[in-house]
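See below for the structure under consideration.
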Amino acid sequence: MTTYKLVTYRANKEDRAGVLINDVVYDIQKITKEASFVSMMGVLAQWAKAKKALGEFEKTVLAGKGKAQGIALKKAKLQAPVLMPGQLYCAGANYSDHMAEMAKVTGVPEGPNMKELGERAWHFIKSGRSCIAGPGAKVKIPDACKKMDWEIELTAVIGKTAKNVSVDKALSYVAGYTIANDLSARDLMRRPKNPPTSPFHMDWIGQKCFDGGCPIGPWIVPSDQIKNPHQLALKLWVNDVLMQNSNSSQLIFNVAEQIAALSERVTLHPGDLILTGTPAGVGMGRNLFLKAGDVVRMHIDGIGELTHSMA
């Protein structure tokens, strides 16, 4: 079984795809001689080929036979693992503990969830290129926002074109998993001049789409290293205070069900990211929000830790 991780790192003012083995980052394009593997999107576009080559390379390194020169992880400048993803599909209201939390805040009685009602998973889209931020990023809170919220999310990275896939085969389309923070400007989510009954009352772009609004990383862990994506502990701290502490077993629609549902509507492509939902513990449930200078740290079992700050 492989143990390597996929990273994007900056070298000579250029962002390049890398593979992390034993705390050393190796340039994927250089070790494979595959020109398109210079970027993570290029690696994901030919994931089956890249996966085989990286597995073989790791074996040579671990056997002490590798001659490639790498960069120590502590000296590498890691970027978001996928800098320019295809689409960012984000699951809403998809953890049972978070649903209970939000029902209490909004004063709405807890009822059957969408799965229990026979509905499909529900997703919105975040703007990809502008929203993406990497490890250690300083994310500027939009000037108009006073209620910036945190949301840790297990994120599936698509590695194979998927259209009308079945639930039982859906996970085979996942190249790997990473961590995301679906930052949310809660006070920009409504347009008050439109009545609540209006279809234009909600402003999803205002709430979800702003520069740096989706920190991801610090790397992608290949899916064959995650035995069960539905049994992973998720934790988020703000300034070392634990805010979210849950498990992906609380997912209402699991990862496979989400991929299957999305692929019925639209073709999923390599490099698309699926943020699978956030558990209880968000700021809105406590009327406590992020401010400039706050440090957000996230941990998901089997993946690692992602940290960023607010500005």
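Starting from 1 in every chain, residues are counted up; chains themselves are A, B, ... following the order of the structure tokens, and ligands are numbered from 1 as listed.
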
Excluding stretch 62-64 of chain A and residues on its chain fewer than 6 positions from it, collect all residues at most 12 Å away from it, counting only C-alpha atoms, and give them as a PyMOL selection string. chain A and resi 2-4+21-22+24+55-56

Find the residues around A:Lys147 up to 12 Å (only C-alpha atoms counted), leave out those fewer than 5 positions away in its own chain, and share them as a PDB file with C-alpha atoms, in the first residue's frame.
```
ATOM      1  CA  ILE A 141     -12.759  39.003   5.491  1.00  0.00           C
ATOM      2  CA  PRO A 142     -14.914  40.951   2.979  1.00  0.00           C
ATOM      3  CA  LEU A 183     -15.972  29.828   4.837  1.00  0.00           C
ATOM      4  CA  SER A 184     -19.400  31.478   4.954  1.00  0.00           C
ATOM      5  CA  ALA A 185     -20.351  35.156   5.201  1.00  0.00           C
ATOM      6  CA  ARG A 186     -23.541  34.538   7.162  1.00  0.00           C
ATOM      7  CA  ASP A 187     -24.720  38.158   7.166  1.00  0.00           C
ATOM      8  CA  LEU A 188     -24.452  38.365   3.364  1.00  0.00           C
ATOM      9  CA  MET A 189     -26.687  35.353   2.721  1.00  0.00           C
ATOM     10  CA  GLN A 207     -22.442  34.187   1.373  1.00  0.00           C
ATOM     11  CA  VAL A 282     -20.174  26.281  13.429  1.00  0.00           C
ATOM     12  CA  GLY A 283     -20.080  29.872  14.630  1.00  0.00           C
ATOM     13  CA  MET A 284     -23.689  30.593  13.710  1.00  0.00           C
ATOM     14  CA  GLY A 285     -24.808  28.093  16.331  1.00  0.00           C
ATOM     15  CA  ARG A 286     -23.055  30.145  19.028  1.00  0.00           C
ATOM     16  CA  ASN A 287     -23.354  33.652  17.554  1.00  0.00           C
ATOM     17  CA  LEU A 288     -19.558  33.663  17.485  1.00  0.00           C
ATOM     18  CA  PHE A 289     -17.696  34.591  14.309  1.00  0.00           C
ATOM     19  CA  LEU A 290     -14.199  34.940  12.904  1.00  0.00           C
ATOM     20  CA  LYS A 291     -12.291  38.200  13.142  1.00  0.00           C
ATOM     21  CA  ALA A 292      -9.005  39.469  11.736  1.00  0.00           C
TER      22      ALA A 292
END
```

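If only C-alpha atoms are the atoms counted, then among A:Lys126, A:Lys140, A:Arg297, A:His308 the closest residue to A:Asp240 is A:Arg297.
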
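Between atom CA of A:Gly176 and atom CA of A:Glu34 the interatomic distance comes to 20.6 Å.
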
DSSP says alpha helix (DSSP H) for which residues of stretch 138-257 of chain A? Put them as JSON, numbers by chain? {"A": [204, 205, 206, 207, 208, 255, 256, 257]}

Mind checking DSSP for stretch 5-240 of chain A and telling me the strand (DSSP E or B) residues as a ChimeraX atom specification? /A:5-11,14-21,24-27,71-72,77-79,88-91,95,123-126,132-133,138-139,148-149,152-158,162,174-181,184-185,190,202,214-222,233-238

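The interatomic distance for the pair atom CA of A:Asn181 and atom CA of A:Ala17 works out to 21.8 Å.
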
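One distance worth recording is that between atom CA of A:Val105 and atom CA of A:Ala93, which is 13.6 Å.
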